[in-house]
Amino acid sequence: MSKDIKSVIDEFYSSVNMTPKELASWLETEESQSVGQKKNDDESIGHKSGKQIIGLLKKKKDTYTDDDLSQMKKVVSYIHRHLAQQPEGDVEHTRWRYSLKNWGHDPIKS
């Protein structure tokens, strides 16, 4: 595994702090489905990404494809951009947090 690939995988795993089970449960909630940009159907981009993240987390690290690595880069980029836009005050019940959780990152999880 090349150094670049390893760094993408490491960054993904340090950015995504929810387990596949936590993320799957979250994606079933009304809050999860209420946020995000939607294209031609009823499911947001972030919600679809959450489903892909579950698959990535369940895969063995040495079986990732170029498409998997591309998705990991998108996830990391989204999480970093969105974290930089944190609103002031309590974020527990905010669309900001819900959106991040769709991408596998719960900002109030310790």
# chains A, B, ... in the order shown; residues from 1 in each chain; ligands from 1

$ residues_around --residues "Leu23 of chain A" --least-positions-apart "6" --cutoff "10 Å" --atoms "only C-alpha atoms" --output "NGL selection string"
:A and (16-17 or 32 or 50-51 or 53-54 or 101-106)

$ residues_around --residues "segment 59-63 of chain A" --least-positions-apart "6" --cutoff "12 Å" --atoms "only C-alpha atoms" --output "CSV table (one decimal) with N, CA and C atoms, in the first residue's frame"
chain,number,residue,atom,x,y,z
A,1,MET,N,0.9,-1.2,0.0
A,1,MET,CA,0.0,0.0,0.0
A,1,MET,C,0.9,1.2,0.0
A,2,SER,N,0.6,2.1,-0.9
A,2,SER,CA,1.5,3.3,-1.0
A,2,SER,C,1.2,4.3,0.1
A,5,ILE,N,-2.0,6.4,-0.4
A,5,ILE,CA,-3.3,5.6,-0.1
A,5,ILE,C,-3.4,5.4,1.4
A,6,LYS,N,-2.3,5.1,2.1
A,6,LYS,CA,-2.4,4.9,3.6
A,6,LYS,C,-2.8,6.2,4.2
A,8,VAL,N,-4.7,8.6,3.0
A,8,VAL,CA,-6.2,8.8,2.7
A,8,VAL,C,-7.0,8.0,3.7
A,9,ILE,N,-6.6,6.7,3.8
A,9,ILE,CA,-7.3,5.8,4.7
A,9,ILE,C,-7.2,6.3,6.2
A,10,ASP,N,-6.0,6.7,6.6
A,10,ASP,CA,-5.8,7.1,8.0
A,10,ASP,C,-6.7,8.4,8.3
A,12,PHE,N,-9.4,9.3,6.8
A,12,PHE,CA,-10.8,8.9,6.8
A,12,PHE,C,-11.2,8.3,8.2
A,13,TYR,N,-10.3,7.4,8.7
A,13,TYR,CA,-10.6,6.8,10.0
A,13,TYR,C,-10.5,7.7,11.1
A,20,PRO,N,-20.2,1.6,12.2
A,20,PRO,CA,-21.2,1.3,11.2
A,20,PRO,C,-22.6,1.1,11.9
A,52,GLN,N,-22.7,4.7,2.1
A,52,GLN,CA,-21.4,4.3,1.5
A,52,GLN,C,-20.4,4.2,2.6
A,53,ILE,N,-20.4,5.1,3.5
A,53,ILE,CA,-19.4,5.1,4.6
A,53,ILE,C,-19.6,3.8,5.4
A,69,LEU,N,-11.5,5.0,-2.4
A,69,LEU,CA,-10.5,6.1,-1.9
A,69,LEU,C,-11.1,7.4,-2.3
A,72,MET,N,-13.7,8.3,0.2
A,72,MET,CA,-13.0,8.7,1.5
A,72,MET,C,-12.5,10.1,1.4

$ residues_around --residues "Gln86 of chain A" --least-positions-apart "4" --cutoff "9 Å" --atoms "only C-alpha atoms" --output "ChimeraX atom specification"
/A:82,91,96-97

$ write_last_selection --atoms "all heavy atoms" --output "mmCIF file, in the first residue's frame"
data_model
loop_
_atom_site.group_PDB
_atom_site.id
_atom_site.type_symbol
_atom_site.label_atom_id
_atom_site.label_comp_id
_atom_site.auth_asym_id
_atom_site.auth_seq_id
_atom_site.Cartn_x
_atom_site.Cartn_y
_atom_site.Cartn_z
ATOM 1 N N HIS A 82 -17.137 21.375 6.967
ATOM 2 C CA HIS A 82 -18.322 21.586 7.796
ATOM 3 C C HIS A 82 -17.943 21.911 9.247
ATOM 4 O O HIS A 82 -18.586 22.747 9.891
ATOM 5 C CB HIS A 82 -19.226 20.352 7.720
ATOM 6 C CG HIS A 82 -20.676 20.661 7.874
ATOM 7 N ND1 HIS A 82 -21.372 21.449 7.012
ATOM 8 C CD2 HIS A 82 -21.558 20.278 8.829
ATOM 9 C CE1 HIS A 82 -22.631 21.544 7.406
ATOM 10 N NE2 HIS A 82 -22.769 20.841 8.519
ATOM 11 N N VAL A 91 -24.856 22.800 20.074
ATOM 12 C CA VAL A 91 -25.066 22.266 18.721
ATOM 13 C C VAL A 91 -25.793 20.922 18.712
ATOM 14 O O VAL A 91 -26.013 20.346 17.659
ATOM 15 C CB VAL A 91 -23.728 22.127 17.955
ATOM 16 C CG1 VAL A 91 -23.070 23.475 17.771
ATOM 17 C CG2 VAL A 91 -22.799 21.139 18.638
ATOM 18 N N TRP A 96 -26.682 21.488 11.562
ATOM 19 C CA TRP A 96 -25.238 21.382 11.356
ATOM 20 C C TRP A 96 -24.720 20.028 11.860
ATOM 21 O O TRP A 96 -24.028 19.311 11.141
ATOM 22 C CB TRP A 96 -24.545 22.544 12.093
ATOM 23 C CG TRP A 96 -23.054 22.505 12.051
ATOM 24 C CD1 TRP A 96 -22.243 22.931 11.029
ATOM 25 C CD2 TRP A 96 -22.176 22.026 13.070
ATOM 26 N NE1 TRP A 96 -20.936 22.743 11.362
ATOM 27 C CE2 TRP A 96 -20.868 22.181 12.617
ATOM 28 C CE3 TRP A 96 -22.390 21.473 14.334
ATOM 29 C CZ2 TRP A 96 -19.758 21.814 13.371
ATOM 30 C CZ3 TRP A 96 -21.288 21.101 15.081
ATOM 31 C CH2 TRP A 96 -19.988 21.277 14.600
ATOM 32 N N ARG A 97 -25.097 19.675 13.083
ATOM 33 C CA ARG A 97 -24.671 18.388 13.658
ATOM 34 C C ARG A 97 -25.305 17.223 12.902
ATOM 35 O O ARG A 97 -24.637 16.232 12.607
ATOM 36 C CB ARG A 97 -25.053 18.303 15.130
ATOM 37 C CG ARG A 97 -24.664 16.962 15.734
ATOM 38 C CD ARG A 97 -25.031 16.866 17.201
ATOM 39 N NE ARG A 97 -24.697 15.558 17.723
ATOM 40 C CZ ARG A 97 -25.507 14.844 18.489
ATOM 41 N NH1 ARG A 97 -26.692 15.332 18.849
ATOM 42 N NH2 ARG A 97 -25.148 13.651 18.907
#

$ select_by_dssp --residues "segment 8-59 of chain A" --states "alpha helix (DSSP H)" --output "PyMOL selection string"
chain A and resi 8-15+20-27+30-33+45-58

$ write_last_selection --atoms "N, CA and C atoms" --output "tab-separated table (two decimals), in the first residue's frame"
chain	number	residue	atom	x	y	z
A	8	VAL	N	-4.74	8.62	3.00
A	8	VAL	CA	-6.18	8.81	2.74
A	8	VAL	C	-7.00	7.96	3.72
A	9	ILE	N	-6.61	6.71	3.85
A	9	ILE	CA	-7.33	5.79	4.74
A	9	ILE	C	-7.22	6.26	6.20
A	10	ASP	N	-6.02	6.65	6.61
A	10	ASP	CA	-5.83	7.11	7.99
A	10	ASP	C	-6.66	8.36	8.28
A	11	GLU	N	-6.68	9.30	7.33
A	11	GLU	CA	-7.45	10.53	7.51
A	11	GLU	C	-8.95	10.22	7.59
A	12	PHE	N	-9.40	9.29	6.76
A	12	PHE	CA	-10.80	8.87	6.79
A	12	PHE	C	-11.16	8.31	8.16
A	13	TYR	N	-10.33	7.41	8.67
A	13	TYR	CA	-10.63	6.78	9.95
A	13	TYR	C	-10.48	7.75	11.13
A	14	SER	N	-9.68	8.79	10.99
A	14	SER	CA	-9.58	9.77	12.07
A	14	SER	C	-10.73	10.79	11.99
A	15	SER	N	-11.34	10.95	10.82
A	15	SER	CA	-12.44	11.90	10.66
A	15	SER	C	-13.80	11.27	10.98
A	20	PRO	N	-20.18	1.59	12.22
A	20	PRO	CA	-21.21	1.25	11.24
A	20	PRO	C	-22.59	1.12	11.87
A	21	LYS	N	-22.66	0.53	13.05
A	21	LYS	CA	-23.95	0.34	13.72
A	21	LYS	C	-24.55	1.69	14.14
A	22	GLU	N	-23.73	2.58	14.70
A	22	GLU	CA	-24.22	3.90	15.10
A	22	GLU	C	-24.72	4.68	13.89
A	23	LEU	N	-23.95	4.61	12.82
A	23	LEU	CA	-24.32	5.36	11.61
A	23	LEU	C	-25.60	4.79	10.98
A	24	ALA	N	-25.70	3.48	10.93
A	24	ALA	CA	-26.91	2.85	10.36
A	24	ALA	C	-28.15	3.24	11.17
A	25	SER	N	-28.04	3.23	12.50
A	25	SER	CA	-29.16	3.62	13.34
A	25	SER	C	-29.52	5.09	13.12
A	26	TRP	N	-28.50	5.94	13.02
A	26	TRP	CA	-28.73	7.36	12.81
A	26	TRP	C	-29.45	7.61	11.48
A	27	LEU	N	-29.02	6.93	10.43
A	27	LEU	CA	-29.59	7.15	9.10
A	27	LEU	C	-31.08	6.80	9.03
A	30	GLU	N	-35.63	10.49	11.60
A	30	GLU	CA	-36.21	11.62	10.87
A	30	GLU	C	-35.22	12.78	10.77
A	31	GLU	N	-34.44	12.97	11.84
A	31	GLU	CA	-33.47	14.06	11.85
A	31	GLU	C	-32.44	13.88	10.73
A	32	SER	N	-31.98	12.65	10.56
A	32	SER	CA	-31.00	12.36	9.51
A	32	SER	C	-31.58	12.68	8.14
A	33	GLN	N	-32.82	12.28	7.93
A	33	GLN	CA	-33.44	12.43	6.62
A	33	GLN	C	-33.93	13.85	6.36
A	45	ILE	N	-27.60	13.95	-0.54
A	45	ILE	CA	-26.25	13.50	-0.88
A	45	ILE	C	-25.56	12.93	0.36
A	46	GLY	N	-25.71	13.63	1.50
A	46	GLY	CA	-25.08	13.17	2.73
A	46	GLY	C	-25.64	11.85	3.23
A	47	HIS	N	-26.94	11.66	3.06
A	47	HIS	CA	-27.58	10.42	3.49
A	47	HIS	C	-27.05	9.26	2.66
A	48	LYS	N	-26.94	9.46	1.35
A	48	LYS	CA	-26.36	8.42	0.48
A	48	LYS	C	-24.92	8.14	0.86
A	49	SER	N	-24.19	9.21	1.15
A	49	SER	CA	-22.79	9.05	1.55
A	49	SER	C	-22.69	8.23	2.83
A	50	GLY	N	-23.61	8.47	3.77
A	50	GLY	CA	-23.60	7.71	5.01
A	50	GLY	C	-23.70	6.21	4.76
A	51	LYS	N	-24.54	5.84	3.81
A	51	LYS	CA	-24.67	4.41	3.47
A	51	LYS	C	-23.36	3.88	2.89
A	52	GLN	N	-22.71	4.69	2.06
A	52	GLN	CA	-21.42	4.28	1.50
A	52	GLN	C	-20.36	4.16	2.59
A	53	ILE	N	-20.39	5.08	3.54
A	53	ILE	CA	-19.42	5.05	4.64
A	53	ILE	C	-19.56	3.76	5.44
A	54	ILE	N	-20.78	3.32	5.68
A	54	ILE	CA	-20.99	2.06	6.40
A	54	ILE	C	-20.27	0.92	5.66
A	55	GLY	N	-20.44	0.88	4.34
A	55	GLY	CA	-19.77	-0.14	3.55
A	55	GLY	C	-18.26	-0.03	3.64
A	56	LEU	N	-17.74	1.19	3.59
A	56	LEU	CA	-16.29	1.39	3.67
A	56	LEU	C	-15.74	0.93	5.02
A	57	LEU	N	-16.47	1.23	6.08
A	57	LEU	CA	-16.02	0.84	7.42
A	57	LEU	C	-16.02	-0.67	7.61
A	58	LYS	N	-16.86	-1.37	6.87
A	58	LYS	CA	-16.96	-2.82	7.01
A	58	LYS	C	-15.95	-3.56	6.12
